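Pasting target.cif here (mmCIF, C-alpha atoms):
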data_protein
loop_
_atom_site.group_PDB
_atom_site.id
_atom_site.type_symbol
_atom_site.label_atom_id
_atom_site.label_comp_id
_atom_site.auth_asym_id
_atom_site.auth_seq_id
_atom_site.Cartn_x
_atom_site.Cartn_y
_atom_site.Cartn_z
ATOM 1 C CA MET X 12 0.000 0.000 0.000
ATOM 2 C CA ASP X 13 1.384 3.386 -0.886
ATOM 3 C CA PHE X 14 -1.720 5.108 0.449
ATOM 4 C CA PRO X 15 -0.550 7.852 2.849
ATOM 5 C CA MET X 16 -1.855 6.839 6.281
ATOM 6 C CA GLY X 17 -3.464 9.724 8.102
ATOM 7 C CA TYR X 18 -4.960 9.535 11.586
ATOM 8 C CA LEU X 19 -8.422 8.753 10.197
ATOM 9 C CA PHE X 20 -7.296 5.490 8.616
ATOM 10 C CA ARG X 21 -5.374 3.959 11.502
ATOM 11 C CA GLY X 22 -6.587 0.440 12.249
ATOM 12 C CA LEU X 23 -8.025 -0.234 8.773
ATOM 13 C CA ASN X 24 -6.867 -3.365 6.953
ATOM 14 C CA ASP X 25 -5.307 -3.403 3.466
ATOM 15 C CA ASP X 26 -8.583 -4.319 1.798
ATOM 16 C CA GLN X 27 -10.369 -1.380 3.444
ATOM 17 C CA LEU X 28 -7.526 1.003 2.547
ATOM 18 C CA LYS X 29 -7.692 -0.164 -1.082
ATOM 19 C CA ARG X 30 -11.389 0.712 -1.221
ATOM 20 C CA ILE X 31 -10.606 4.207 0.067
ATOM 21 C CA GLU X 32 -7.696 4.577 -2.336
ATOM 22 C CA ALA X 33 -10.050 3.673 -5.176
ATOM 23 C CA VAL X 34 -12.156 6.789 -4.564
ATOM 24 C CA ASP X 35 -9.357 9.319 -4.051
ATOM 25 C CA ARG X 36 -8.083 11.692 -6.715
ATOM 26 C CA GLU X 37 -4.743 13.453 -6.826
ATOM 27 C CA VAL X 38 -4.957 17.235 -7.247
ATOM 28 C CA SER X 39 -2.271 19.896 -7.300
ATOM 29 C CA MET X 40 -2.261 23.078 -5.215
ATOM 30 C CA GLU X 41 -0.391 26.348 -5.678
ATOM 31 C CA ASN X 42 1.202 28.523 -3.031
ATOM 32 C CA GLY X 43 -1.429 30.983 -1.787
ATOM 33 C CA GLN X 44 -4.415 28.966 -3.012
ATOM 34 C CA LYS X 45 -7.407 28.646 -0.656
ATOM 35 C CA ILE X 46 -8.482 25.016 -0.654
ATOM 36 C CA CYS X 47 -11.531 25.288 1.581
ATOM 37 C CA ARG X 48 -13.165 27.993 3.674
ATOM 38 C CA GLU X 49 -14.372 27.858 7.282
ATOM 39 C CA GLY X 50 -18.157 27.653 7.522
ATOM 40 C CA GLU X 51 -18.749 26.560 3.927
ATOM 41 C CA GLU X 52 -20.435 23.262 3.093
ATOM 42 C CA ALA X 53 -17.844 20.465 3.394
ATOM 43 C CA LYS X 54 -17.757 18.371 0.235
ATOM 44 C CA ASP X 55 -14.289 16.831 0.210
ATOM 45 C CA LEU X 56 -11.738 15.384 2.595
ATOM 46 C CA TYR X 57 -8.068 16.179 1.866
ATOM 47 C CA ILE X 58 -4.889 14.209 2.525
ATOM 48 C CA LEU X 59 -1.518 15.938 2.133
ATOM 49 C CA LYS X 60 1.042 14.305 -0.156
ATOM 50 C CA THR X 61 3.611 17.085 -0.735
ATOM 51 C CA GLY X 62 3.865 20.801 0.023
ATOM 52 C CA ALA X 63 2.326 22.556 3.017
ATOM 53 C CA VAL X 64 -1.123 23.768 4.080
ATOM 54 C CA GLU X 65 -1.902 26.328 6.776
ATOM 55 C CA LEU X 66 -5.140 26.001 8.755
ATOM 56 C CA ILE X 67 -6.598 29.307 9.939
ATOM 57 C CA THR X 68 -9.701 30.730 11.557
ATOM 58 C CA LYS X 69 -11.190 34.213 11.241
ATOM 59 C CA VAL X 70 -11.478 36.428 14.267
ATOM 60 C CA GLU X 71 -13.054 39.891 14.210
ATOM 61 C CA ASN X 72 -12.374 42.424 11.414
ATOM 62 C CA ASP X 73 -10.987 39.740 9.084
ATOM 63 C CA VAL X 74 -7.942 39.156 11.270
ATOM 64 C CA GLU X 75 -6.771 35.578 10.786
ATOM 65 C CA LEU X 76 -5.696 33.359 13.659
ATOM 66 C CA PRO X 77 -3.319 30.571 12.532
ATOM 67 C CA ILE X 78 -4.143 27.181 14.072
ATOM 68 C CA THR X 79 -1.473 24.906 12.586
ATOM 69 C CA VAL X 80 0.614 24.149 9.495
ATOM 70 C CA LEU X 81 0.375 20.691 7.904
ATOM 71 C CA ARG X 82 3.623 19.480 6.272
ATOM 72 C CA ASN X 83 3.607 15.686 6.677
ATOM 73 C CA LEU X 84 2.558 13.001 4.242
ATOM 74 C CA GLY X 85 -0.852 11.785 5.379
ATOM 75 C CA ASP X 86 -1.871 14.955 7.246
ATOM 76 C CA ILE X 87 -5.626 15.349 6.915
ATOM 77 C CA PHE X 88 -7.973 18.314 6.731
ATOM 78 C CA GLY X 89 -11.628 18.788 5.805
ATOM 79 C CA SER X 90 -12.886 16.298 8.392
ATOM 80 C CA GLY X 91 -16.078 18.381 8.651
ATOM 81 C CA VAL X 92 -17.190 16.255 5.695
ATOM 82 C CA LEU X 93 -17.750 13.351 8.099
ATOM 83 C CA ILE X 94 -19.845 15.016 10.761
ATOM 84 C CA ALA X 95 -22.886 17.252 11.241
ATOM 85 C CA PRO X 96 -23.297 20.130 10.409
ATOM 86 C CA TYR X 97 -21.071 19.078 7.452
ATOM 87 C CA THR X 98 -19.209 22.375 7.145
ATOM 88 C CA TYR X 99 -15.472 23.086 7.084
ATOM 89 C CA ASN X 100 -14.290 23.913 10.600
ATOM 90 C CA LEU X 101 -11.247 25.886 9.411
ATOM 91 C CA THR X 102 -9.947 27.630 6.307
ATOM 92 C CA ALA X 103 -7.082 25.838 4.529
ATOM 93 C CA ARG X 104 -4.530 27.749 2.460
ATOM 94 C CA CYS X 105 -1.593 26.288 0.562
ATOM 95 C CA THR X 106 1.691 27.795 1.794
ATOM 96 C CA GLU X 107 3.970 25.593 -0.316
ATOM 97 C CA THR X 108 3.058 24.260 -3.761
ATOM 98 C CA GLY X 109 2.388 20.514 -3.729
ATOM 99 C CA THR X 110 -0.190 17.764 -4.177
ATOM 100 C CA LEU X 111 -3.215 16.540 -2.261
ATOM 101 C CA LEU X 112 -5.427 13.486 -2.376
ATOM 102 C CA ARG X 113 -9.055 14.554 -2.512
ATOM 103 C CA ILE X 114 -11.855 12.204 -1.432
ATOM 104 C CA GLU X 115 -15.486 13.104 -2.029
ATOM 105 C CA GLY X 116 -17.394 13.065 1.241
ATOM 106 C CA SER X 117 -20.321 11.227 -0.328
ATOM 107 C CA ALA X 118 -18.038 8.448 -1.628
ATOM 108 C CA LEU X 119 -16.420 8.052 1.783
ATOM 109 C CA GLN X 120 -19.790 8.025 3.563
ATOM 110 C CA LYS X 121 -20.933 5.291 1.163
ATOM 111 C CA LEU X 122 -17.904 3.110 2.027
ATOM 112 C CA MET X 123 -18.605 3.698 5.730
ATOM 113 C CA MET X 124 -22.247 2.630 5.377
ATOM 114 C CA GLU X 125 -21.373 -0.491 3.361
ATOM 115 C CA ASP X 126 -18.710 -1.609 5.849
ATOM 116 C CA ARG X 127 -19.739 -0.692 9.386
ATOM 117 C CA ASP X 128 -16.392 -1.867 10.778
ATOM 118 C CA LEU X 129 -14.656 0.645 8.522
ATOM 119 C CA GLY X 130 -17.223 3.288 9.534
ATOM 120 C CA CYS X 131 -16.766 2.590 13.232
ATOM 121 C CA THR X 132 -12.953 2.736 12.967
ATOM 122 C CA ILE X 133 -12.992 6.056 11.100
ATOM 123 C CA MET X 134 -15.494 7.647 13.504
ATOM 124 C CA THR X 135 -13.470 6.428 16.507
ATOM 125 C CA ASN X 136 -10.306 7.925 14.993
ATOM 126 C CA LEU X 137 -12.162 11.176 14.318
ATOM 127 C CA ALA X 138 -13.510 11.386 17.893
ATOM 128 C CA GLU X 139 -9.985 10.694 19.210
ATOM 129 C CA GLN X 140 -8.564 13.485 17.074
ATOM 130 C CA PHE X 141 -11.254 15.970 18.166
ATOM 131 C CA LEU X 142 -10.547 15.050 21.791
ATOM 132 C CA ILE X 143 -6.813 15.754 21.302
ATOM 133 C CA ARG X 144 -7.613 19.156 19.775
ATOM 134 C CA LEU X 145 -10.172 19.880 22.502
ATOM 135 C CA LYS X 146 -7.547 19.215 25.182
ATOM 136 C CA GLU X 147 -5.090 21.493 23.367
ATOM 137 C CA SER X 148 -7.700 24.261 23.215
ATOM 138 C CA ARG X 149 -8.550 23.856 26.905
ATOM 139 C CA GLN X 150 -4.841 24.027 27.690
ATOM 140 C CA GLU X 151 -4.653 27.335 25.860
ATOM 141 C CA ILE X 152 -7.694 28.651 27.762
ATOM 142 C CA LYS X 153 -6.020 27.619 31.028
ATOM 143 C CA MET X 154 -2.928 29.636 30.058
ATOM 144 C CA HIS X 155 -5.108 32.731 29.528
ATOM 145 C CA PHE X 156 -6.899 32.016 32.805
ATOM 146 C CA ASN X 157 -3.597 31.621 34.680
ATOM 147 C CA ALA X 158 -2.306 34.886 33.218
ATOM 148 C CA LEU X 159 -5.507 36.578 34.380
ATOM 149 C CA LEU X 160 -5.155 35.076 37.862
ATOM 150 C CA ARG X 161 -1.592 36.325 38.144
ATOM 151 C CA SER X 162 -2.619 39.822 37.072
ATOM 152 C CA TYR X 163 -5.025 39.979 40.049
ATOM 153 C CA ARG X 164 -2.488 38.873 42.646
ATOM 154 C CA MET I 24 -38.656 3.320 26.875
ATOM 155 C CA ASP I 25 -38.002 5.338 30.002
ATOM 156 C CA PHE I 26 -34.236 5.334 29.375
ATOM 157 C CA PRO I 27 -33.045 8.949 29.597
ATOM 158 C CA MET I 28 -31.807 9.834 26.127
ATOM 159 C CA GLY I 29 -28.446 11.577 26.204
ATOM 160 C CA TYR I 30 -26.567 12.835 23.143
ATOM 161 C CA LEU I 31 -24.628 9.561 22.869
ATOM 162 C CA PHE I 32 -27.737 7.484 22.253
ATOM 163 C CA ARG I 33 -29.451 9.599 19.604
ATOM 164 C CA GLY I 34 -30.322 7.538 16.547
ATOM 165 C CA LEU I 35 -30.406 4.181 18.355
ATOM 166 C CA ASN I 36 -33.535 2.039 18.000
ATOM 167 C CA ASP I 37 -35.604 0.692 20.935
ATOM 168 C CA ASP I 38 -33.936 -2.699 20.800
ATOM 169 C CA GLN I 39 -30.462 -1.134 21.019
ATOM 170 C CA LEU I 40 -31.540 1.171 23.850
ATOM 171 C CA LYS I 41 -32.938 -1.821 25.769
ATOM 172 C CA ARG I 42 -29.564 -3.559 25.550
ATOM 173 C CA ILE I 43 -27.868 -0.470 26.985
ATOM 174 C CA GLU I 44 -30.523 -0.140 29.688
ATOM 175 C CA ALA I 45 -29.839 -3.773 30.656
ATOM 176 C CA VAL I 46 -26.259 -2.913 31.672
ATOM 177 C CA ASP I 47 -26.898 0.342 33.551
ATOM 178 C CA ARG I 48 -27.191 0.613 37.313
ATOM 179 C CA GLU I 49 -28.840 3.392 39.300
ATOM 180 C CA VAL I 50 -26.610 4.990 41.933
ATOM 181 C CA SER I 51 -27.224 7.891 44.295
ATOM 182 C CA MET I 52 -24.933 10.890 44.759
ATOM 183 C CA GLU I 53 -24.645 13.376 47.606
ATOM 184 C CA ASN I 54 -24.017 17.108 47.401
ATOM 185 C CA GLY I 55 -20.231 17.681 47.419
ATOM 186 C CA GLN I 56 -19.329 14.136 46.340
ATOM 187 C CA LYS I 57 -16.610 13.774 43.674
ATOM 188 C CA ILE I 58 -17.843 11.239 41.139
ATOM 189 C CA CYS I 59 -14.750 11.058 38.938
ATOM 190 C CA ARG I 60 -11.440 12.856 38.694
ATOM 191 C CA GLU I 61 -9.702 14.395 35.663
ATOM 192 C CA GLY I 62 -6.784 12.274 34.469
ATOM 193 C CA GLU I 63 -7.797 9.087 36.284
ATOM 194 C CA GLU I 64 -8.560 5.870 34.421
ATOM 195 C CA ALA I 65 -12.114 6.063 33.060
ATOM 196 C CA LYS I 66 -14.136 3.019 34.092
ATOM 197 C CA ASP I 67 -17.740 4.183 33.951
ATOM 198 C CA LEU I 68 -20.012 6.375 31.888
ATOM 199 C CA TYR I 69 -22.619 8.410 33.802
ATOM 200 C CA ILE I 70 -26.090 9.609 32.825
ATOM 201 C CA LEU I 71 -27.842 12.187 35.003
ATOM 202 C CA LYS I 72 -31.325 11.356 36.265
ATOM 203 C CA THR I 73 -31.903 13.902 39.059
ATOM 204 C CA GLY I 74 -29.801 16.490 40.904
ATOM 205 C CA ALA I 75 -26.885 18.423 39.434
ATOM 206 C CA VAL I 76 -23.237 17.760 38.591
ATOM 207 C CA GLU I 77 -20.524 20.377 38.041
ATOM 208 C CA LEU I 78 -17.697 19.606 35.590
ATOM 209 C CA ILE I 79 -14.398 21.259 36.456
ATOM 210 C CA THR I 80 -10.756 21.269 35.409
ATOM 211 C CA LYS I 81 -7.677 22.060 37.491
ATOM 212 C CA VAL I 82 -5.473 24.988 36.581
ATOM 213 C CA GLU I 83 -2.277 25.896 38.434
ATOM 214 C CA ASN I 84 -2.030 25.838 42.260
ATOM 215 C CA ASP I 85 -5.182 23.740 42.624
ATOM 216 C CA VAL I 86 -7.393 26.551 41.352
ATOM 217 C CA GLU I 87 -10.485 25.021 39.722
ATOM 218 C CA LEU I 88 -11.908 26.265 36.452
ATOM 219 C CA PRO I 89 -15.624 25.426 36.100
ATOM 220 C CA ILE I 90 -16.561 24.147 32.649
ATOM 221 C CA THR I 91 -20.301 23.524 32.938
ATOM 222 C CA VAL I 92 -23.109 22.371 35.250
ATOM 223 C CA LEU I 93 -25.264 19.417 34.176
ATOM 224 C CA ARG I 94 -28.884 19.580 35.384
ATOM 225 C CA ASN I 95 -30.938 17.851 32.712
ATOM 226 C CA LEU I 96 -32.237 14.287 32.564
ATOM 227 C CA GLY I 97 -29.969 12.430 30.148
ATOM 228 C CA ASP I 98 -26.933 14.690 30.520
ATOM 229 C CA ILE I 99 -23.817 12.551 30.119
ATOM 230 C CA PHE I 100 -20.316 12.663 31.569
ATOM 231 C CA GLY I 101 -17.400 10.253 31.695
ATOM 232 C CA SER I 102 -17.221 9.848 27.909
ATOM 233 C CA GLY I 103 -13.450 9.293 28.278
ATOM 234 C CA VAL I 104 -14.498 5.686 28.867
ATOM 235 C CA LEU I 105 -15.143 5.359 25.119
ATOM 236 C CA ILE I 106 -11.926 6.722 23.704
ATOM 237 C CA ALA I 107 -8.128 6.487 24.033
ATOM 238 C CA PRO I 108 -6.368 7.224 26.387
ATOM 239 C CA TYR I 109 -9.441 6.083 28.423
ATOM 240 C CA THR I 110 -9.065 8.662 31.162
ATOM 241 C CA TYR I 111 -11.623 11.128 32.544
ATOM 242 C CA ASN I 112 -11.258 14.455 30.750
ATOM 243 C CA LEU I 113 -12.802 16.484 33.584
ATOM 244 C CA THR I 114 -13.569 16.178 37.286
ATOM 245 C CA ALA I 115 -17.260 15.743 38.152
ATOM 246 C CA ARG I 116 -18.665 16.892 41.490
ATOM 247 C CA CYS I 117 -22.253 16.599 42.675
ATOM 248 C CA THR I 118 -23.687 20.044 43.478
ATOM 249 C CA GLU I 119 -27.230 18.856 44.194
ATOM 250 C CA THR I 120 -28.075 15.454 45.680
ATOM 251 C CA GLY I 121 -29.680 13.120 43.143
ATOM 252 C CA THR I 122 -29.333 9.934 41.127
ATOM 253 C CA LEU I 123 -27.193 8.761 38.226
ATOM 254 C CA LEU I 124 -27.227 5.822 35.860
ATOM 255 C CA ARG I 125 -23.794 4.237 35.779
ATOM 256 C CA ILE I 126 -22.675 2.091 32.828
ATOM 257 C CA GLU I 127 -19.452 0.114 32.993
ATOM 258 C CA GLY I 128 -17.181 1.071 30.092
ATOM 259 C CA SER I 129 -16.297 -2.560 29.399
ATOM 260 C CA ALA I 130 -19.992 -3.531 29.149
ATOM 261 C CA LEU I 131 -20.698 -0.673 26.764
ATOM 262 C CA GLN I 132 -17.635 -1.498 24.634
ATOM 263 C CA LYS I 133 -18.859 -5.094 24.417
ATOM 264 C CA LEU I 134 -22.285 -3.974 23.123
ATOM 265 C CA MET I 135 -20.534 -1.717 20.585
ATOM 266 C CA MET I 136 -18.362 -4.578 19.309
ATOM 267 C CA GLU I 137 -21.304 -6.988 19.043
ATOM 268 C CA ASP I 138 -23.459 -4.503 17.133
ATOM 269 C CA ARG I 139 -21.285 -2.369 14.848
ATOM 270 C CA ASP I 140 -24.270 -0.207 13.885
ATOM 271 C CA LEU I 141 -24.738 0.677 17.523
ATOM 272 C CA GLY I 142 -20.975 1.257 17.837
ATOM 273 C CA CYS I 143 -20.860 3.491 14.775
ATOM 274 C CA THR I 144 -23.849 5.563 15.961
ATOM 275 C CA ILE I 145 -22.363 6.111 19.426
ATOM 276 C CA MET I 146 -18.915 7.043 18.055
ATOM 277 C CA THR I 147 -20.500 9.447 15.547
ATOM 278 C CA ASN I 148 -22.489 11.082 18.364
ATOM 279 C CA LEU I 149 -19.327 11.314 20.458
ATOM 280 C CA ALA I 150 -17.308 12.907 17.637
ATOM 281 C CA GLU I 151 -20.168 15.377 17.053
ATOM 282 C CA GLN I 152 -20.201 16.310 20.741
ATOM 283 C CA PHE I 153 -16.412 16.780 20.847
ATOM 284 C CA LEU I 154 -16.639 18.988 17.749
ATOM 285 C CA ILE I 155 -19.288 21.173 19.432
ATOM 286 C CA ARG I 156 -17.074 21.555 22.515
ATOM 287 C CA LEU I 157 -13.998 22.199 20.348
ATOM 288 C CA LYS I 158 -15.834 25.021 18.563
ATOM 289 C CA GLU I 159 -16.889 26.489 21.925
ATOM 290 C CA SER I 160 -13.284 26.366 23.163
ATOM 291 C CA ARG I 161 -11.978 27.991 19.984
ATOM 292 C CA GLN I 162 -14.630 30.690 20.373
ATOM 293 C CA GLU I 163 -13.318 31.387 23.858
ATOM 294 C CA ILE I 164 -9.731 31.550 22.569
ATOM 295 C CA LYS I 165 -10.873 34.023 19.906
ATOM 296 C CA MET I 166 -12.368 36.214 22.615
ATOM 297 C CA HIS I 167 -9.028 36.289 24.443
ATOM 298 C CA PHE I 168 -7.254 36.961 21.150
ATOM 299 C CA ASN I 169 -9.632 39.821 20.291
ATOM 300 C CA ALA I 170 -9.153 41.350 23.742
ATOM 301 C CA LEU I 171 -5.403 41.158 23.200
ATOM 302 C CA LEU I 172 -5.706 42.762 19.754
ATOM 303 C CA ARG I 173 -7.759 45.621 21.157
ATOM 304 C CA SER I 174 -5.222 46.213 23.928
ATOM 305 C CA TYR I 175 -2.536 46.822 21.260
ATOM 306 C CA ARG I 176 -4.551 49.319 19.243
#
So that I can check it, write out the structure of this file as structure tokens.
Amino acid sequence: MDFPMGYLFRGLNDDQLKRIEAVDREVSMENGQKICREGEEAKDLYILKTGAVELITKVENDVELPITVLRNLGDIFGSGVLIAPYTYNLTARCTETGTLLRIEGSALQKLMMEDRDLGCTIMTNLAEQFLIRLKESRQEIKMHFNALLRSYR
Amino acid sequence: MDFPMGYLFRGLNDDQLKRIEAVDREVSMENGQKICREGEEAKDLYILKTGAVELITKVENDVELPITVLRNLGDIFGSGVLIAPYTYNLTARCTETGTLLRIEGSALQKLMMEDRDLGCTIMTNLAEQFLIRLKESRQEIKMHFNALLRSYR
């Protein structure tokens, strides 16, 4: 298998990975290109092959808050395609020209319905990933809270 | 069915809910009682029947940061029992004497393995819930970020 393993696909067997590989499509991206926008309907899941992608969120007055930069083979974004309300949770912008694998959400959902083991594994991986990010966010809130506490001492 | 429907069980049919009900056990809680502690091994999932439970997280120097108060029939905590690293994500303390339904994590995992549809539904609900909380946390971080921006203007 030369399918780039992202967190979503951990625990799948070769046969299941082949079925996912069969519905992906390689696309190129150019430095500066917006690949998906926060809040818009999520149609595709993306897996990084080469290059780099920055994930950002808008704060007030169009100021952008960077969340992370994806640079590793198998890094995934667009997971909003798997979960209600089926919108992109962040904006993704290419910061280094490269290639992505694009998987249509509807094709992936179909594979997950046909093979409930595959579906269960992917949803478990997704929940695990959200939990990791939730803990990171809470850690950041704690830092702000601690700074506030210190300012009152 | 008089099983209190929490977010985890949405989309399950009566037969599936009956199987979950068969493994729950009603327990009482007293005002002030700690029900589970952040970071400890998660063994049980809890569903609120009556009373109230405060969810909290520790910041530095044993200062507690309140996250939310659960007061509604069917409110769930202890979801760390369903996902790696299988630890409680928050501390839960009873703030109003009442009753809980307690479900052993191992019993629930067994039901989820035996019925992959049930497993997939619960993991999807869990991922959805984590995403909601992640968005709330990011919103809070944005507020801090905006306050910081304004202080520099």
**Asked** Which residues fall under the PyMOL selection byres ((chain I) within 8 of (chain X)) in this file, as a list in words?
**Response**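 When the PyMOL selection byres ((chain I) within 8 of (chain X)) is applied to the shown file, the picked residues are Val82, Glu83, Ile106, Ala107, Arg139, Asp140, Gly142, Cys143, Met146, Thr147, Leu149, Ala150, Glu151, Phe153, Leu154, Arg156, Leu157, Ser160, Arg161, Glu163, Ile164, Lys165, His167 and Asn169 of chain I.
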**Selection result for the PyMOL selection byres ((chain I and resi 56) around 10) on this file, as a list in words** = Met52, Glu53, Asn54, Gly55, Lys57, Ile58, Cys59, Val76, Ala115, Arg116, Cys117, Thr118, Glu119 and Thr120 of chain I
Within 8 Å of stretch 83-90 of chain X, counting only C-alpha atoms, which residues show up once you throw out same-chain ones fewer than 5 positions away? Write them as a short mmCIF file (atom, residue, chain, number, x, y, z; two decimals) with C-alpha atoms, keeping the file's coordinate frame, please.
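What follows is the written file part-v4.cif:
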data_model
loop_
_atom_site.label_atom_id
_atom_site.label_comp_id
_atom_site.auth_asym_id
_atom_site.auth_seq_id
_atom_site.Cartn_x
_atom_site.Cartn_y
_atom_site.Cartn_z
CA PRO X 15 -0.55 7.85 2.85
CA MET X 16 -1.86 6.84 6.28
CA GLY X 17 -3.46 9.72 8.10
CA TYR X 18 -4.96 9.54 11.59
CA LEU X 19 -8.42 8.75 10.20
CA CYS X 47 -11.53 25.29 1.58
CA ALA X 53 -17.84 20.46 3.39
CA ASP X 55 -14.29 16.83 0.21
CA LEU X 56 -11.74 15.38 2.60
CA TYR X 57 -8.07 16.18 1.87
CA ILE X 58 -4.89 14.21 2.52
CA LEU X 59 -1.52 15.94 2.13
CA LYS X 60 1.04 14.30 -0.16
CA THR X 61 3.61 17.08 -0.74
CA ALA X 63 2.33 22.56 3.02
CA TYR X 99 -15.47 23.09 7.08
CA ASN X 100 -14.29 23.91 10.60
CA LEU X 101 -11.25 25.89 9.41
CA ALA X 103 -7.08 25.84 4.53
CA LEU X 137 -12.16 11.18 14.32
#
**Asked** What lies within 12 Å of I:Lys41 using all atoms listed in the file, ignoring chain neighbours under 3 positions off, as a list in words?
**Response**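 My reading of the contact set: Met24, Asp25, Phe26, Pro27, Met28, Phe32, Leu35, Asn36, Asp37, Asp38, Glu44, Ala45, Val46, Asp47, Leu134 and Leu141 of chain I.
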**Request:** Give me, please, the distance in Å between atom CA of X:Arg21 and atom CA of I:Val104, quoted to one decimal.
**Result:** 19.7 Å
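The gap separating atom CA of I:Gln39 from atom CA of I:Glu127 is 16.3 Å, in Å to one decimal.
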File contents for stretch 68-83 of chain X with N, CA, C and O atoms as a tab-separated table (two decimals), in the first residue's frame:
chain	number	residue	atom	x	y	z
X	68	THR	N	-8.32	30.37	11.23
X	68	THR	CA	-9.70	30.73	11.56
X	68	THR	C	-9.80	32.25	11.60
X	68	THR	O	-8.83	32.93	11.91
X	69	LYS	N	-10.97	32.76	11.24
X	69	LYS	CA	-11.19	34.21	11.24
X	69	LYS	C	-11.58	34.67	12.63
X	69	LYS	O	-12.42	34.05	13.27
X	70	VAL	N	-10.96	35.76	13.08
X	70	VAL	CA	-11.48	36.43	14.27
X	70	VAL	C	-12.12	37.73	13.79
X	70	VAL	O	-12.46	37.86	12.61
X	71	GLU	N	-12.33	38.70	14.66
X	71	GLU	CA	-13.05	39.89	14.21
X	71	GLU	C	-12.26	40.72	13.19
X	71	GLU	O	-11.03	40.63	13.12
X	72	ASN	N	-12.98	41.51	12.40
X	72	ASN	CA	-12.37	42.42	11.41
X	72	ASN	C	-11.43	41.72	10.44
X	72	ASN	O	-10.39	42.28	10.07
X	73	ASP	N	-11.77	40.48	10.07
X	73	ASP	CA	-10.99	39.74	9.08
X	73	ASP	C	-9.55	39.44	9.51
X	73	ASP	O	-8.72	39.08	8.68
X	74	VAL	N	-9.25	39.59	10.79
X	74	VAL	CA	-7.94	39.16	11.27
X	74	VAL	C	-7.94	37.63	11.28
X	74	VAL	O	-8.93	37.02	11.66
X	75	GLU	N	-6.85	37.03	10.83
X	75	GLU	CA	-6.77	35.58	10.79
X	75	GLU	C	-5.92	35.05	11.94
X	75	GLU	O	-4.85	35.59	12.23
X	76	LEU	N	-6.41	33.99	12.55
X	76	LEU	CA	-5.70	33.36	13.66
X	76	LEU	C	-5.18	32.01	13.14
X	76	LEU	O	-5.97	31.14	12.79
X	77	PRO	N	-3.84	31.84	13.04
X	77	PRO	CA	-3.32	30.57	12.53
X	77	PRO	C	-3.50	29.47	13.58
X	77	PRO	O	-3.28	29.71	14.76
X	78	ILE	N	-3.94	28.30	13.15
X	78	ILE	CA	-4.14	27.18	14.07
X	78	ILE	C	-2.96	26.21	13.98
X	78	ILE	O	-2.38	25.82	14.98
X	79	THR	N	-2.59	25.84	12.77
X	79	THR	CA	-1.47	24.91	12.59
X	79	THR	C	-1.03	24.91	11.13
X	79	THR	O	-1.72	25.44	10.26
X	80	VAL	N	0.16	24.36	10.88
X	80	VAL	CA	0.61	24.15	9.49
X	80	VAL	C	0.83	22.65	9.28
X	80	VAL	O	1.52	22.00	10.08
X	81	LEU	N	0.22	22.11	8.24
X	81	LEU	CA	0.38	20.69	7.90
X	81	LEU	C	1.49	20.54	6.87
X	81	LEU	O	1.48	21.22	5.84
X	82	ARG	N	2.47	19.66	7.17
X	82	ARG	CA	3.62	19.48	6.27
X	82	ARG	C	3.93	18.01	6.03
X	82	ARG	O	4.82	17.69	5.26
X	83	ASN	N	3.22	17.11	6.74
X	83	ASN	CA	3.61	15.69	6.68
X	83	ASN	C	2.69	14.86	5.78
X	83	ASN	O	1.47	15.07	5.77
